[in-house]
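S.K.: Enclosed is the structure file data23.pdb (PDB, C-alpha atoms).
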ATOM      1  CA  MET A   1      35.369 -21.051 -68.437  1.00  0.00           C
ATOM      2  CA  ALA A   2      33.542 -18.392 -66.494  1.00  0.00           C
ATOM      3  CA  ASP A   3      31.437 -21.081 -64.846  1.00  0.00           C
ATOM      4  CA  ILE A   4      34.565 -22.764 -63.511  1.00  0.00           C
ATOM      5  CA  PHE A   5      35.826 -19.504 -61.961  1.00  0.00           C
ATOM      6  CA  ASP A   6      32.395 -18.909 -60.428  1.00  0.00           C
ATOM      7  CA  GLU A   7      32.433 -22.375 -58.865  1.00  0.00           C
ATOM      8  CA  VAL A   8      35.953 -21.850 -57.503  1.00  0.00           C
ATOM      9  CA  SER A   9      34.928 -18.420 -56.122  1.00  0.00           C
ATOM     10  CA  GLU A  10      31.859 -19.921 -54.448  1.00  0.00           C
ATOM     11  CA  GLU A  11      33.945 -22.691 -52.900  1.00  0.00           C
ATOM     12  CA  LEU A  12      36.421 -20.116 -51.571  1.00  0.00           C
ATOM     13  CA  LYS A  13      33.546 -18.173 -50.016  1.00  0.00           C
ATOM     14  CA  GLN A  14      32.241 -21.305 -48.362  1.00  0.00           C
ATOM     15  CA  ASP A  15      35.707 -22.222 -47.091  1.00  0.00           C
ATOM     16  CA  ARG A  16      36.075 -18.720 -45.678  1.00  0.00           C
ATOM     17  CA  LEU A  17      32.699 -18.932 -43.950  1.00  0.00           C
ATOM     18  CA  ILE A  18      33.662 -22.291 -42.494  1.00  0.00           C
ATOM     19  CA  GLN A  19      36.911 -20.832 -41.171  1.00  0.00           C
ATOM     20  CA  ILE A  20      35.074 -17.847 -39.677  1.00  0.00           C
ATOM     21  CA  TRP A  21      32.539 -20.196 -38.067  1.00  0.00           C
ATOM     22  CA  LYS A  22      35.251 -22.450 -36.624  1.00  0.00           C
ATOM     23  CA  LYS A  23      37.070 -19.430 -35.227  1.00  0.00           C
ATOM     24  CA  ASN A  24      34.046 -17.650 -33.749  1.00  0.00           C
ATOM     25  CA  SER A  25      31.504 -20.434 -33.219  1.00  0.00           C
ATOM     26  CA  LYS A  26      31.918 -20.534 -29.454  1.00  0.00           C
ATOM     27  CA  TYR A  27      31.249 -16.789 -29.213  1.00  0.00           C
ATOM     28  CA  ILE A  28      28.240 -16.981 -31.524  1.00  0.00           C
ATOM     29  CA  ILE A  29      26.800 -19.944 -29.625  1.00  0.00           C
ATOM     30  CA  SER A  30      27.388 -18.177 -26.300  1.00  0.00           C
ATOM     31  CA  LEU A  31      25.582 -15.063 -27.565  1.00  0.00           C
ATOM     32  CA  LEU A  32      22.649 -17.116 -28.819  1.00  0.00           C
ATOM     33  CA  LEU A  33      22.463 -18.958 -25.494  1.00  0.00           C
ATOM     34  CA  ILE A  34      22.431 -15.674 -23.578  1.00  0.00           C
ATOM     35  CA  ILE A  35      19.579 -14.382 -25.756  1.00  0.00           C
ATOM     36  CA  VAL A  36      17.582 -17.627 -25.370  1.00  0.00           C
ATOM     37  CA  ILE A  37      18.178 -17.772 -21.599  1.00  0.00           C
ATOM     38  CA  SER A  38      17.222 -14.097 -21.208  1.00  0.00           C
ATOM     39  CA  ILE A  39      13.950 -14.574 -23.088  1.00  0.00           C
ATOM     40  CA  ALA A  40      13.163 -17.785 -21.207  1.00  0.00           C
ATOM     41  CA  SER A  41      14.011 -16.201 -17.856  1.00  0.00           C
ATOM     42  CA  TYR A  42      11.770 -13.201 -18.579  1.00  0.00           C
ATOM     43  CA  GLN A  43       8.873 -15.488 -19.509  1.00  0.00           C
ATOM     44  CA  VAL A  44       9.400 -17.539 -16.351  1.00  0.00           C
ATOM     45  CA  PHE A  45       9.511 -14.347 -14.247  1.00  0.00           C
ATOM     46  CA  ILE A  46       6.283 -13.026 -15.809  1.00  0.00           C
ATOM     47  CA  SER A  47       4.558 -16.347 -15.224  1.00  0.00           C
ATOM     48  CA  TRP A  48       5.903 -16.611 -11.660  1.00  0.00           C
ATOM     49  CA  ASN A  49       4.967 -13.027 -10.844  1.00  0.00           C
ATOM     50  CA  LYS A  50       1.453 -13.502 -12.209  1.00  0.00           C
ATOM     51  CA  LYS A  51       1.023 -16.702 -10.247  1.00  0.00           C
ATOM     52  CA  LYS A  52       2.353 -15.034  -7.089  1.00  0.00           C
ATOM     53  CA  LEU A  53      -0.043 -12.109  -7.575  1.00  0.00           C
ATOM     54  CA  GLU A  54      -2.951 -14.520  -7.992  1.00  0.00           C
ATOM     55  CA  VAL A  55      -1.941 -16.360  -4.814  1.00  0.00           C
ATOM     56  CA  SER A  56      -1.612 -13.050  -2.904  1.00  0.00           C
ATOM     57  CA  SER A  57      -5.005 -11.911  -4.175  1.00  0.00           C
ATOM     58  CA  GLN A  58      -6.707 -15.180  -3.244  1.00  0.00           C
ATOM     59  CA  GLN A  59      -5.015 -15.143   0.159  1.00  0.00           C
ATOM     60  CA  PHE A  60      -6.110 -11.563   0.863  1.00  0.00           C
ATOM     61  CA  PHE A  61      -9.768 -12.089  -0.049  1.00  0.00           C
ATOM     62  CA  ASN A  62      -9.796 -15.316   1.945  1.00  0.00           C
ATOM     63  CA  ALA A  63      -8.698 -13.278   4.976  1.00  0.00           C
ATOM     64  CA  ILE A  64     -11.441 -10.704   4.288  1.00  0.00           C
ATOM     65  CA  GLU A  65     -14.019 -13.494   4.212  1.00  0.00           C
ATOM     66  CA  LYS A  66     -12.741 -14.848   7.538  1.00  0.00           C
ATOM     67  CA  LEU A  67     -12.942 -11.341   9.019  1.00  0.00           C
ATOM     68  CA  GLU A  68     -16.532 -10.860   7.824  1.00  0.00           C
ATOM     69  CA  ASN A  69     -17.458 -14.231   9.313  1.00  0.00           C
ATOM     70  CA  LYS A  70     -15.889 -13.170  12.638  1.00  0.00           C
ATOM     71  CA  LYS A  71     -13.184 -15.844  12.410  1.00  0.00           C
ATOM     72  CA  TYR A  72     -10.694 -13.347  13.764  1.00  0.00           C
ATOM     73  CA  LYS A  73      -7.911 -15.747  14.701  1.00  0.00           C
ATOM     74  CA  GLU A  74      -7.841 -17.243  11.200  1.00  0.00           C
ATOM     75  CA  SER A  75      -8.078 -13.885   9.433  1.00  0.00           C
ATOM     76  CA  SER A  76      -5.339 -12.485  11.662  1.00  0.00           C
ATOM     77  CA  GLU A  77      -2.991 -15.335  10.742  1.00  0.00           C
ATOM     78  CA  ILE A  78      -3.610 -14.884   7.001  1.00  0.00           C
ATOM     79  CA  PHE A  79      -3.259 -11.081   7.115  1.00  0.00           C
ATOM     80  CA  LEU A  80      -0.047 -11.418   9.138  1.00  0.00           C
ATOM     81  CA  LYS A  81       1.409 -13.825   6.587  1.00  0.00           C
ATOM     82  CA  SER A  82       0.447 -11.520   3.697  1.00  0.00           C
ATOM     83  CA  SER A  83       1.860  -8.452   5.473  1.00  0.00           C
ATOM     84  CA  ILE A  84       5.389  -9.859   5.512  1.00  0.00           C
ATOM     85  CA  GLU A  85       5.425 -10.953   1.878  1.00  0.00           C
ATOM     86  CA  ASP A  86       7.020  -9.052  -0.994  1.00  0.00           C
ATOM     87  CA  ASN A  87       3.990  -7.815  -2.938  1.00  0.00           C
ATOM     88  CA  GLU A  88       3.766  -4.182  -1.840  1.00  0.00           C
ATOM     89  CA  GLY A  89       0.098  -3.607  -2.687  1.00  0.00           C
ATOM     90  CA  TYR A  90      -1.238  -6.599  -0.775  1.00  0.00           C
ATOM     91  CA  ARG A  91       1.281  -6.065   2.037  1.00  0.00           C
ATOM     92  CA  ILE A  92      -0.218  -2.651   2.830  1.00  0.00           C
ATOM     93  CA  LEU A  93      -3.801  -3.865   2.408  1.00  0.00           C
ATOM     94  CA  SER A  94      -3.017  -6.782   4.706  1.00  0.00           C
ATOM     95  CA  LEU A  95      -1.686  -4.413   7.375  1.00  0.00           C
ATOM     96  CA  PHE A  96      -4.983  -2.510   7.212  1.00  0.00           C
ATOM     97  CA  GLY A  97      -6.810  -5.847   7.436  1.00  0.00           C
ATOM     98  CA  LEU A  98      -4.668  -6.988  10.355  1.00  0.00           C
ATOM     99  CA  ALA A  99      -5.342  -3.707  12.168  1.00  0.00           C
ATOM    100  CA  GLU A 100      -9.095  -4.135  11.647  1.00  0.00           C
ATOM    101  CA  THR A 101      -8.940  -7.728  12.893  1.00  0.00           C
ATOM    102  CA  ASN A 102      -7.082  -6.653  16.037  1.00  0.00           C
ATOM    103  CA  TYR A 103      -9.634  -3.886  16.556  1.00  0.00           C
ATOM    104  CA  LYS A 104     -12.500  -6.396  16.303  1.00  0.00           C
ATOM    105  CA  ARG A 105     -10.704  -8.631  18.802  1.00  0.00           C
ATOM    106  CA  GLY A 106     -10.216  -5.723  21.201  1.00  0.00           C
ATOM    107  CA  ASN A 107      -6.423  -5.722  20.759  1.00  0.00           C
ATOM    108  CA  ILE A 108      -6.113  -1.936  20.564  1.00  0.00           C
ATOM    109  CA  LYS A 109      -2.354  -1.791  21.211  1.00  0.00           C
ATOM    110  CA  GLU A 110      -1.682  -4.292  18.427  1.00  0.00           C
ATOM    111  CA  MET A 111      -4.051  -2.385  16.147  1.00  0.00           C
ATOM    112  CA  SER A 112      -2.171   0.859  16.814  1.00  0.00           C
ATOM    113  CA  LEU A 113       1.128  -0.850  15.991  1.00  0.00           C
ATOM    114  CA  ASN A 114      -0.299  -2.141  12.696  1.00  0.00           C
ATOM    115  CA  TYR A 115      -1.322   1.376  11.695  1.00  0.00           C
ATOM    116  CA  LYS A 116       2.001   2.748  12.893  1.00  0.00           C
ATOM    117  CA  ASN A 117       3.812   0.321  10.580  1.00  0.00           C
ATOM    118  CA  ILE A 118       1.910   1.927   7.706  1.00  0.00           C
ATOM    119  CA  TYR A 119       2.194   5.629   8.520  1.00  0.00           C
ATOM    120  CA  GLU A 120       5.887   5.425   9.426  1.00  0.00           C
ATOM    121  CA  ASP A 121       6.779   3.698   6.150  1.00  0.00           C
ATOM    122  CA  ASN A 122       7.930   6.399   3.721  1.00  0.00           C
ATOM    123  CA  ASN A 123       7.622   3.972   0.821  1.00  0.00           C
ATOM    124  CA  VAL A 124       3.840   3.924   1.259  1.00  0.00           C
ATOM    125  CA  ASP A 125       1.751   6.486  -0.622  1.00  0.00           C
ATOM    126  CA  LEU A 126       1.070   9.548   1.567  1.00  0.00           C
ATOM    127  CA  TYR A 127      -2.712   9.187   1.245  1.00  0.00           C
ATOM    128  CA  TYR A 128      -2.645   5.694   2.793  1.00  0.00           C
ATOM    129  CA  ARG A 129      -0.238   6.809   5.484  1.00  0.00           C
ATOM    130  CA  ASN A 130      -2.602   9.645   6.423  1.00  0.00           C
ATOM    131  CA  LEU A 131      -5.586   7.285   6.264  1.00  0.00           C
ATOM    132  CA  SER A 132      -3.855   4.933   8.700  1.00  0.00           C
ATOM    133  CA  ARG A 133      -3.274   7.879  11.065  1.00  0.00           C
ATOM    134  CA  LEU A 134      -6.963   8.773  10.988  1.00  0.00           C
ATOM    135  CA  LEU A 135      -8.115   5.197  11.560  1.00  0.00           C
ATOM    136  CA  SER A 136      -5.588   4.734  14.344  1.00  0.00           C
ATOM    137  CA  VAL A 137      -6.966   7.728  16.259  1.00  0.00           C
ATOM    138  CA  MET A 138     -10.631   7.037  15.476  1.00  0.00           C
ATOM    139  CA  LYS A 139     -10.496   3.471  16.817  1.00  0.00           C
ATOM    140  CA  ASP A 140      -8.142   4.033  19.737  1.00  0.00           C
ATOM    141  CA  ASN A 141      -9.908   4.425  23.079  1.00  0.00           C
ATOM    142  CA  ILE A 142      -6.939   3.847  25.362  1.00  0.00           C
ATOM    143  CA  SER A 143      -4.157   6.223  24.260  1.00  0.00           C
ATOM    144  CA  THR A 144      -3.656   9.656  25.803  1.00  0.00           C
ATOM    145  CA  PHE A 145      -4.965  12.852  24.234  1.00  0.00           C
ATOM    146  CA  GLU A 146      -1.409  14.062  23.598  1.00  0.00           C
ATOM    147  CA  ASN A 147      -0.449  10.856  21.793  1.00  0.00           C
ATOM    148  CA  GLN A 148      -3.497  10.976  19.537  1.00  0.00           C
ATOM    149  CA  ILE A 149      -3.032  14.653  18.697  1.00  0.00           C
ATOM    150  CA  ASN A 150       0.600  13.954  17.805  1.00  0.00           C
ATOM    151  CA  ILE A 151      -0.515  11.230  15.393  1.00  0.00           C
ATOM    152  CA  LEU A 152      -2.876  13.696  13.685  1.00  0.00           C
ATOM    153  CA  LYS A 153      -0.426  16.615  13.495  1.00  0.00           C
ATOM    154  CA  PRO A 154       1.257  15.633  10.195  1.00  0.00           C
ATOM    155  CA  ILE A 155      -2.177  15.732   8.508  1.00  0.00           C
ATOM    156  CA  LEU A 156      -3.283  18.924  10.243  1.00  0.00           C
ATOM    157  CA  ASN A 157      -0.059  20.771   9.423  1.00  0.00           C
ATOM    158  CA  SER A 158       0.141  20.058   5.698  1.00  0.00           C
ATOM    159  CA  PRO A 159      -2.256  20.094   2.721  1.00  0.00           C
ATOM    160  CA  SER A 160      -4.016  16.768   2.371  1.00  0.00           C
ATOM    161  CA  LYS A 161      -7.246  15.299   1.040  1.00  0.00           C
ATOM    162  CA  LEU A 162      -7.891  14.091   4.583  1.00  0.00           C
ATOM    163  CA  GLN A 163      -7.014  17.335   6.373  1.00  0.00           C
ATOM    164  CA  LEU A 164     -10.622  18.426   6.959  1.00  0.00           C
ATOM    165  CA  LEU A 165     -11.528  15.041   8.408  1.00  0.00           C
ATOM    166  CA  ALA A 166      -8.460  15.208  10.633  1.00  0.00           C
ATOM    167  CA  ALA A 167      -9.569  18.675  11.814  1.00  0.00           C
ATOM    168  CA  GLU A 168     -13.008  17.267  12.658  1.00  0.00           C
ATOM    169  CA  LEU A 169     -11.420  14.393  14.568  1.00  0.00           C
ATOM    170  CA  GLU A 170      -9.232  16.894  16.425  1.00  0.00           C
ATOM    171  CA  ILE A 171     -12.396  18.646  17.658  1.00  0.00           C
ATOM    172  CA  ILE A 172     -13.793  15.332  18.916  1.00  0.00           C
ATOM    173  CA  LEU A 173     -10.534  14.678  20.780  1.00  0.00           C
ATOM    174  CA  TYR A 174     -10.801  18.072  22.518  1.00  0.00           C
ATOM    175  CA  ILE A 175     -14.390  17.256  23.478  1.00  0.00           C
ATOM    176  CA  ARG A 176     -13.342  13.859  24.874  1.00  0.00           C
ATOM    177  CA  SER A 177     -10.686  15.571  26.976  1.00  0.00           C
ATOM    178  CA  ASN A 178     -13.353  18.008  28.285  1.00  0.00           C
ATOM    179  CA  ASN A 179     -11.602  20.995  26.722  1.00  0.00           C
ATOM    180  CA  ILE A 180     -14.886  22.395  25.393  1.00  0.00           C
ATOM    181  CA  ASN A 181     -13.653  25.953  24.822  1.00  0.00           C
ATOM    182  CA  LYS A 182     -10.830  24.721  22.608  1.00  0.00           C
ATOM    183  CA  ALA A 183     -13.219  22.387  20.805  1.00  0.00           C
ATOM    184  CA  ASN A 184     -15.672  25.236  20.114  1.00  0.00           C
ATOM    185  CA  ALA A 185     -12.916  27.501  18.810  1.00  0.00           C
ATOM    186  CA  LYS A 186     -11.636  24.762  16.489  1.00  0.00           C
ATOM    187  CA  LEU A 187     -15.193  23.992  15.359  1.00  0.00           C
ATOM    188  CA  LYS A 188     -15.951  27.616  14.446  1.00  0.00           C
ATOM    189  CA  ASN A 189     -12.721  27.915  12.495  1.00  0.00           C
ATOM    190  CA  LEU A 190     -13.426  24.687  10.624  1.00  0.00           C
ATOM    191  CA  LEU A 191     -16.949  25.813   9.680  1.00  0.00           C
ATOM    192  CA  LYS A 192     -15.449  28.939   8.078  1.00  0.00           C
ATOM    193  CA  ARG A 193     -13.071  26.972   5.893  1.00  0.00           C
ATOM    194  CA  SER A 194     -13.777  26.464   2.219  1.00  0.00           C
ATOM    195  CA  GLY A 195     -13.967  22.902   1.014  1.00  0.00           C
ATOM    196  CA  VAL A 196     -16.073  21.648   3.922  1.00  0.00           C
ATOM    197  CA  SER A 197     -18.638  19.271   2.444  1.00  0.00           C
ATOM    198  CA  LEU A 198     -22.341  19.641   3.227  1.00  0.00           C
ATOM    199  CA  GLU A 199     -22.280  16.306   5.045  1.00  0.00           C
ATOM    200  CA  GLN A 200     -19.359  17.361   7.218  1.00  0.00           C
ATOM    201  CA  LYS A 201     -20.898  20.785   7.831  1.00  0.00           C
ATOM    202  CA  ASN A 202     -24.102  19.121   9.062  1.00  0.00           C
ATOM    203  CA  ARG A 203     -22.091  16.926  11.450  1.00  0.00           C
ATOM    204  CA  LEU A 204     -20.170  19.915  12.783  1.00  0.00           C
ATOM    205  CA  GLU A 205     -23.328  21.972  13.295  1.00  0.00           C
ATOM    206  CA  LEU A 206     -24.927  19.035  15.095  1.00  0.00           C
ATOM    207  CA  ILE A 207     -21.900  18.763  17.409  1.00  0.00           C
ATOM    208  CA  ASN A 208     -22.101  22.511  17.983  1.00  0.00           C
ATOM    209  CA  LYS A 209     -25.811  22.337  18.922  1.00  0.00           C
ATOM    210  CA  ILE A 210     -25.302  19.405  21.283  1.00  0.00           C
ATOM    211  CA  TYR A 211     -22.543  21.095  23.251  1.00  0.00           C
ATOM    212  CA  LYS A 212     -24.299  24.458  23.251  1.00  0.00           C
ATOM    213  CA  SER A 213     -27.394  22.845  24.757  1.00  0.00           C
ATOM    214  CA  ASN A 214     -25.276  20.978  27.318  1.00  0.00           C
ATOM    215  CA  ALA A 215     -23.535  24.224  28.225  1.00  0.00           C
ATOM    216  CA  ASN A 216     -26.918  25.830  28.871  1.00  0.00           C
TER     217      ASN A 216
END
Show this structure as structure tokens.
M.R.:
Amino acid sequence: MADIFDEVSEELKQDRLIQIWKKNSKYIISLLLIIVISIASYQVFISWNKKKLEVSSQQFFNAIEKLENKKYKESSEIFLKSSIEDNEGYRILSLFGLAETNYKRGNIKEMSLNYKNIYEDNNVDLYYRNLSRLLSVMKDNISTFENQINILKPILNSPSKLQLLAAELEIILYIRSNNINKANAKLKNLLKRSGVSLEQKNRLELINKIYKSNAN
């Protein structure tokens, strides 16, 4: 007798489950579909992103090879293409590469604009922005003294890993503009600063000797 009641109870449970399924099946299926689609979409995104990164990497090093082989037109085209794509890391590297290509081609104005695009972009790490300022001034032989000093000022006026190099470059700019007294004063102050490397100190002392001998 108990077996009969157990069978009836089991059938009632099954009927209830069937009713629940019929009532909520569309919601359950929709939820399962959302989960499956989400997982699939994530896997597709990871795969796509990895593939895109590989393409960007290959494209960048191809441009470097063209630059080293003095195929400046080709390297410029590849760097330009990479610089307008989404991948932030290779976009910045490509702007540096494009600037170097323009420098090699003698396109100093274009080179300066490439560096400007880097150091005026607040989304770029400060170190790379400061590095682009230094390179812009170091390789620019056509801009005015005032313009170049203004490019260096943000590095000179705030703590930075590149501040001492910027201070050295500032001295060279004063020398180029024939303001030797100002250059000497800046040089002496820089030599007194802590943190000046032995290599930089040797360069500064050499500059000091050269201009002292010329003055005599």
S.K.: Compare A:Lys70, A:Arg91, A:Lys188, A:Lys139 by their minimum atom-to-atom distance to Leu173 in chain A, counting all atoms listed in the file, and give me the closest one.
M.R.: A:Lys139
S.K.: Determine, counting all atoms listed in the file, which protein, DNA and RNA residues have an atom within 8 Å of an atom of range 199-211 of chain A; residues of the same chain fewer than 5 positions away are not included. Present the result as an MDAnalysis selection string.
M.R.: chainID A and resid 168 184 187 191
S.K.: Hey, what comes out of the PyMOL selection byres ((chain A and resi 112) around 12) on this file? Could you write it as a PyMOL selection string?
M.R.: chain A and resi 95-96+98-103+106-111+113-120+132-143+147-148+151
S.K.: Report, in Å with one decimal, the straight-line distance from CA of Ala166 in chain A to CA of Ala183 in chain A.
M.R.: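 Separation of CA of Ala166 in chain A and CA of Ala183 in chain A: 13.3 Å.
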S.K.: Taking only C-alpha atoms into account, which of A:Glu77, A:Asp121, A:Glu65, A:Glu170 comes nearest Asn150 in chain A?
M.R.: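 The closest residue to Asn150 in chain A is A:Glu170.
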